[in-house]
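K.L.:
Before anything else, here's the structure in question.
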Amino acid sequence: MAYRFVPVIHGAALDRPDEQDTIDTAATIAQSLERLGFSTEVITVGTDLIALDRLAERRPYAVFNLVEALGGEAARGAEAVRRVERLGLACTGAGGDAYVASNGKLTTKALLAERNIPMPASWMTGEDVPAWKTVIVKSVDEHGSLGMDAGSVVSGSNAQTEIARREACFGGRFFAEEYIEGREFNVSVIESRCGPGVLPIAEIDFSGLPSGTLPIVDFAAKWDASADAYHNTPRRFGLDREEPDLAAELQRLSLESWQALGLSGYARVDFRVNSHGAIYVLEANANPCLAADAGFAAAASQAGLAYDDVISSIVDVAAQNSKASL
């Protein structure tokens, strides 16, 4: 068998649960790659990117990219992908341009708006927010709900104060987005040799939250095992069977978002649907969590794909796309 080296790269270093999750996931993927017959190694990428330059000498079959941030800055995450591309190496997931397009939420909004894909209205620092609106204050560049909690949802009249407070507390840029009260869905997309395909749709079940708790997937719900929301916001499947028309529209918008942002490999698109049935794209994640117990793997399992099948497909498509671009 030809030598097939697939290193797993990440930039996680901070003592934060989402960063630790990336480190753990890198180890899990490396184990999967070994089961699949690849030679592998987990490599931490620093801000100087020297580790990537050294990789080029080893002529990897593909680079499995889990870099979401460099030096703790999500806005720099695309630097690793761009360096891998310049080195002429196959890389899993989105390319540099698509990574930038989906990582910055405002860039995502602009690109999706060009395709008339519905998203909630948003306001940046200094912009007038209608006082009667209810908004949720989010980070522009960070994913994983960093900087989001129950206090993120405020009235429009308090939006600018909350933006300033969170920028001072967490650093980086924040913005206000119209809060869509309703149901929340995660749609995972995986590419094969035949193109992108939508996996079974997951709905977040908020019914187990204590009375009065805001139905949002905040940082605690994703990362704090001691929080009620962590245990009481499970995902459920079956929308394709129970509400096929809604499922079909979510699938359509997910694939349109994929095309609009130039995504590849795998991705996840998050939605809210209000009580009138209006659908809104919240964000697109070009590098969703691939932990064995996370949403992407769960959706794949619903489609009959084992974890190793997912990892194998992602690597296969990366190598195929790289050859096609030569």
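Quick note on naming: the chains in the structure tokens go A, B, ... in the order shown, residues restart at 1 in each chain, and ligands are numbered from 1 in order of appearance.
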Name the residues in contact with Phe64 (chain A) at a cut-off of 8 Å, using only C-alpha atoms, excluding same-chain residues fewer than 5 positions from it; report them as a list in words.
P.N.:
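Non-adjacent residues within range: Val6, Pro7, Val8, Ile9, Cys91, Thr92 and Val315 of chain A.
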K.L.:
Within region 3-251 of chain A, find each residue whose DSSP state, derived from the backbone, is strand (DSSP E), and express the selection as a PyMOL selection string.
P.N.:
chain A and resi 8-10+42-44+64-65+122-123+134-139+153-155+174-178+182-192+195-198+202-204+235-236
K.L.:
Which is closer to Ser257 (chain A) than all the others in A:Asp149, A:Asp48, A:Glu142, A:Glu114, using only C-alpha atoms?
P.N.:
A:Glu114
K.L.:
Which residue out of A:Arg241, A:Glu34, A:Ala303, A:Ile117 has the minimum interatomic distance to Ala260 (chain A) when only C-alpha atoms are used?
P.N.:
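So, comparing all the options, the nearest one is A:Ile117.
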K.L.:
Just want the 7 Å neighbourhood of region 201-210 of chain A, counted on only C-alpha atoms, with same-chain residues fewer than 6 positions away dropped. Output as a short mmCIF file (atom, residue, chain, number, x, y, z; two decimals) with N, CA and C atoms, in the first residue's frame.
P.N.:
```cif
data_model
loop_
_atom_site.label_atom_id
_atom_site.label_comp_id
_atom_site.auth_asym_id
_atom_site.auth_seq_id
_atom_site.Cartn_x
_atom_site.Cartn_y
_atom_site.Cartn_z
N GLU A 184 -35.25 25.67 16.93
CA GLU A 184 -33.87 25.75 16.43
C GLU A 184 -33.46 24.41 15.82
N PHE A 185 -32.81 24.51 14.65
CA PHE A 185 -32.40 23.31 13.92
C PHE A 185 -30.93 23.40 13.52
N ASN A 186 -30.27 22.25 13.53
CA ASN A 186 -28.89 22.13 13.03
C ASN A 186 -28.92 21.20 11.82
N VAL A 187 -28.40 21.68 10.70
CA VAL A 187 -28.39 20.88 9.48
C VAL A 187 -26.94 20.61 9.08
N ALA A 229 -28.62 23.63 31.28
CA ALA A 229 -28.81 23.68 29.83
C ALA A 229 -27.96 22.63 29.11
N ASN A 232 -30.11 19.57 29.39
CA ASN A 232 -31.53 19.69 29.05
C ASN A 232 -31.79 20.37 27.71
N THR A 233 -30.82 20.28 26.80
CA THR A 233 -31.03 20.77 25.43
C THR A 233 -30.60 19.68 24.45
N PRO A 234 -31.23 18.50 24.54
CA PRO A 234 -30.84 17.40 23.65
C PRO A 234 -31.30 17.66 22.22
N ARG A 235 -30.70 16.95 21.30
CA ARG A 235 -31.14 17.02 19.91
C ARG A 235 -32.11 15.86 19.63
N ARG A 236 -33.05 16.10 18.75
CA ARG A 236 -33.96 15.04 18.34
C ARG A 236 -34.06 15.02 16.82
N PHE A 237 -34.26 13.83 16.28
CA PHE A 237 -34.35 13.66 14.83
C PHE A 237 -35.77 13.20 14.46
N LEU A 239 -37.54 14.98 11.75
CA LEU A 239 -38.25 16.05 11.04
C LEU A 239 -38.59 15.63 9.60
N ALA A 299 -25.83 13.11 13.55
CA ALA A 299 -26.60 13.18 12.30
C ALA A 299 -26.13 12.12 11.31
#
```
K.L.:
Considering only C-alpha atoms, state which residue in the set A:Glu283, A:Asp316, A:Asp270, A:Glu243 is at the smallest distance from Phe296 (chain A).
P.N.:
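Of A:Glu283, A:Asp316, A:Asp270, A:Glu243, the one nearest Phe296 (chain A), counting only C-alpha atoms, is A:Asp270.
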K.L.:
Have a look at A:Thr22, A:Leu33, A:Ser264, A:Ser322 and name the one nearest to Asp97 (chain A); count only C-alpha atoms.
P.N.:
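Between A:Thr22, A:Leu33, A:Ser264, A:Ser322, the residue approaching Asp97 (chain A) most closely is A:Ser264.
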K.L.:
Based on DSSP run over this structure's backbone, return all residues of region 84-256 of chain A in helix (DSSP H, G or I), as a PyMOL selection string.
P.N.:
chain A and resi 84-86+96-103+105-114+150-152+156-170+219-223+228-231+239-242+244-256
K.L.:
What would the file look like if the residues just selected were written as a CSV table (one decimal), in the first residue's frame with C-alpha atoms?
P.N.:
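Result went into selection.csv, see below:
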```csv
chain,number,residue,atom,x,y,z
A,84,VAL,CA,-1.6,24.6,3.7
A,85,GLU,CA,-3.1,25.7,0.4
A,86,ARG,CA,0.1,27.7,-0.5
A,96,GLY,CA,-9.3,29.7,3.0
A,97,ASP,CA,-11.8,32.0,1.2
A,98,ALA,CA,-14.7,29.9,2.4
A,99,TYR,CA,-13.3,29.7,5.9
A,100,VAL,CA,-13.2,33.5,6.1
A,101,ALA,CA,-16.6,33.8,4.5
A,102,SER,CA,-18.2,31.6,7.1
A,103,ASN,CA,-16.1,32.5,10.2
A,105,LYS,CA,-20.8,36.3,10.9
A,106,LEU,CA,-21.2,39.7,9.1
A,107,THR,CA,-19.4,38.5,6.0
A,108,THR,CA,-21.7,35.4,6.1
A,109,LYS,CA,-24.7,37.7,6.3
A,110,ALA,CA,-23.6,39.8,3.3
A,111,LEU,CA,-22.9,36.8,1.1
A,112,LEU,CA,-26.2,35.1,2.0
A,113,ALA,CA,-28.1,38.3,1.4
A,114,GLU,CA,-26.8,38.3,-2.2
A,150,ALA,CA,-28.9,34.5,29.2
A,151,GLY,CA,-27.8,38.2,29.5
A,152,SER,CA,-27.1,38.3,25.8
A,156,GLY,CA,-33.1,47.1,21.4
A,157,SER,CA,-32.8,50.1,23.7
A,158,ASN,CA,-30.1,48.3,25.7
A,159,ALA,CA,-28.3,46.7,22.7
A,160,GLN,CA,-25.4,49.2,22.3
A,161,THR,CA,-24.7,49.1,26.1
A,162,GLU,CA,-24.6,45.3,26.0
A,163,ILE,CA,-22.4,45.3,22.9
A,164,ALA,CA,-19.9,47.6,24.6
A,165,ARG,CA,-20.0,45.5,27.8
A,166,ARG,CA,-19.3,42.2,26.1
A,167,GLU,CA,-16.5,43.7,23.9
A,168,ALA,CA,-14.8,44.9,27.1
A,169,CYS,CA,-15.4,41.6,28.9
A,170,PHE,CA,-14.5,39.1,26.1
A,219,PHE,CA,-21.8,28.7,26.0
A,220,ALA,CA,-22.9,26.8,29.1
A,221,ALA,CA,-25.3,24.6,27.1
A,222,LYS,CA,-22.4,23.6,24.9
A,223,TRP,CA,-19.5,23.3,27.3
A,228,ASP,CA,-28.8,22.6,33.5
A,229,ALA,CA,-28.8,23.7,29.8
A,230,TYR,CA,-25.9,21.3,29.1
A,231,HIS,CA,-28.1,18.3,30.0
A,239,LEU,CA,-38.2,16.0,11.0
A,240,ASP,CA,-37.9,14.5,7.6
A,241,ARG,CA,-40.7,12.1,8.5
A,242,GLU,CA,-42.9,14.3,10.7
A,244,PRO,CA,-41.4,16.8,5.3
A,245,ASP,CA,-42.1,20.3,3.8
A,246,LEU,CA,-40.2,22.1,6.5
A,247,ALA,CA,-37.4,19.6,6.2
A,248,ALA,CA,-37.2,20.1,2.5
A,249,GLU,CA,-36.9,23.8,2.8
A,250,LEU,CA,-34.2,23.6,5.5
A,251,GLN,CA,-32.3,21.2,3.2
A,252,ARG,CA,-32.7,23.6,0.3
A,253,LEU,CA,-31.5,26.6,2.2
A,254,SER,CA,-28.5,24.6,3.6
A,255,LEU,CA,-27.3,23.7,0.2
A,256,GLU,CA,-27.8,27.3,-1.1
```
K.L.:
What is the distance between CA of Ile311 (chain A) and CA of Ser32 (chain A), in Å to one decimal?
P.N.:
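Going from CA of Ile311 (chain A) over to CA of Ser32 (chain A) covers 7.1 Å.
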K.L.:
Could you tell me which of A:Gln320, A:Asn285, A:Ser211, A:Asn274 comes closest to Leu261 (chain A) if we count only C-alpha atoms?
P.N.:
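Ranked by minimum distance to Leu261 (chain A), first place goes to A:Asn285.
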K.L.:
So, with only C-alpha atoms as the atoms that count, which of A:Leu55, A:Ala78, A:Ile136, A:Val269 lies closest to Ile180 (chain A)?
P.N.:
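That would be A:Ile136, the residue with the smallest distance to Ile180 (chain A).
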K.L.:
Excluding Gly195 (chain A) and residues on its chain fewer than 3 positions from it, collect all residues at most 12 Å away from it, counting only C-alpha atoms, and give them as a list in words.
P.N.:
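Contacts, in chain order: Val189, Ile190, Glu191, Ser192, Val198, Leu255, Trp258, Gln259, Leu263, Ser264, Gly265, Tyr266, Ser313, Ile314, Val317, Gln320 and Asn321 of chain A.
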K.L.:
Include N, CA and C atoms and write out the residues we just selected as a PDB file, in the first residue's frame.
P.N.:
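Result file is selection_20.pdb:
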```pdb
ATOM      1  N   VAL A 189     -24.054  18.987   6.696  1.00  0.00           N
ATOM      2  CA  VAL A 189     -23.861  18.696   5.271  1.00  0.00           C
ATOM      3  C   VAL A 189     -22.498  18.041   5.096  1.00  0.00           C
ATOM      4  N   ILE A 190     -22.443  16.948   4.352  1.00  0.00           N
ATOM      5  CA  ILE A 190     -21.173  16.276   4.080  1.00  0.00           C
ATOM      6  C   ILE A 190     -21.038  16.065   2.579  1.00  0.00           C
ATOM      7  N   GLU A 191     -19.838  16.312   2.088  1.00  0.00           N
ATOM      8  CA  GLU A 191     -19.579  16.171   0.655  1.00  0.00           C
ATOM      9  C   GLU A 191     -19.083  14.761   0.346  1.00  0.00           C
ATOM     10  N   SER A 192     -19.521  14.241  -0.775  1.00  0.00           N
ATOM     11  CA  SER A 192     -19.021  12.969  -1.283  1.00  0.00           C
ATOM     12  C   SER A 192     -18.525  13.212  -2.704  1.00  0.00           C
ATOM     13  N   VAL A 198     -27.209  16.446   2.420  1.00  0.00           N
ATOM     14  CA  VAL A 198     -27.707  16.843   3.741  1.00  0.00           C
ATOM     15  C   VAL A 198     -27.986  15.604   4.585  1.00  0.00           C
ATOM     16  N   LEU A 255     -28.132  23.868   1.386  1.00  0.00           N
ATOM     17  CA  LEU A 255     -27.320  23.688   0.183  1.00  0.00           C
ATOM     18  C   LEU A 255     -27.080  25.014  -0.532  1.00  0.00           C
ATOM     19  N   TRP A 258     -24.354  26.624   1.434  1.00  0.00           N
ATOM     20  CA  TRP A 258     -23.108  25.936   1.083  1.00  0.00           C
ATOM     21  C   TRP A 258     -22.517  26.527  -0.200  1.00  0.00           C
ATOM     22  N   GLN A 259     -23.361  26.676  -1.210  1.00  0.00           N
ATOM     23  CA  GLN A 259     -22.901  27.215  -2.486  1.00  0.00           C
ATOM     24  C   GLN A 259     -22.506  28.683  -2.359  1.00  0.00           C
ATOM     25  N   LEU A 263     -18.419  26.470   0.393  1.00  0.00           N
ATOM     26  CA  LEU A 263     -17.974  25.471   1.359  1.00  0.00           C
ATOM     27  C   LEU A 263     -17.585  24.164   0.671  1.00  0.00           C
ATOM     28  N   SER A 264     -16.854  23.344   1.389  1.00  0.00           N
ATOM     29  CA  SER A 264     -16.455  22.037   0.871  1.00  0.00           C
ATOM     30  C   SER A 264     -16.158  21.102   2.031  1.00  0.00           C
ATOM     31  N   GLY A 265     -16.193  19.815   1.758  1.00  0.00           N
ATOM     32  CA  GLY A 265     -15.868  18.821   2.782  1.00  0.00           C
ATOM     33  C   GLY A 265     -17.033  18.499   3.690  1.00  0.00           C
ATOM     34  N   TYR A 266     -17.279  19.388   4.625  1.00  0.00           N
ATOM     35  CA  TYR A 266     -18.375  19.206   5.575  1.00  0.00           C
ATOM     36  C   TYR A 266     -18.677  20.551   6.221  1.00  0.00           C
ATOM     37  N   SER A 313     -14.625   9.612   4.547  1.00  0.00           N
ATOM     38  CA  SER A 313     -15.224  10.419   3.480  1.00  0.00           C
ATOM     39  C   SER A 313     -14.609  11.810   3.426  1.00  0.00           C
ATOM     40  N   ILE A 314     -14.397  12.411   4.585  1.00  0.00           N
ATOM     41  CA  ILE A 314     -13.827  13.761   4.640  1.00  0.00           C
ATOM     42  C   ILE A 314     -12.422  13.778   4.043  1.00  0.00           C
ATOM     43  N   VAL A 317     -12.585  13.133   0.118  1.00  0.00           N
ATOM     44  CA  VAL A 317     -13.022  14.306  -0.640  1.00  0.00           C
ATOM     45  C   VAL A 317     -11.925  15.365  -0.682  1.00  0.00           C
ATOM     46  N   GLN A 320      -9.490  14.256  -3.266  1.00  0.00           N
ATOM     47  CA  GLN A 320     -10.113  14.376  -4.585  1.00  0.00           C
ATOM     48  C   GLN A 320     -10.163  15.828  -5.040  1.00  0.00           C
ATOM     49  N   ASN A 321     -10.583  16.733  -4.147  1.00  0.00           N
ATOM     50  CA  ASN A 321     -10.683  18.147  -4.509  1.00  0.00           C
ATOM     51  C   ASN A 321      -9.316  18.744  -4.809  1.00  0.00           C
TER      52      ASN A 321
END
```
K.L.:
Please, what distance in Å, to one decimal, runs between CA of Phe174 (chain A) and CA of Gly277 (chain A)?
P.N.:
28.1 Å
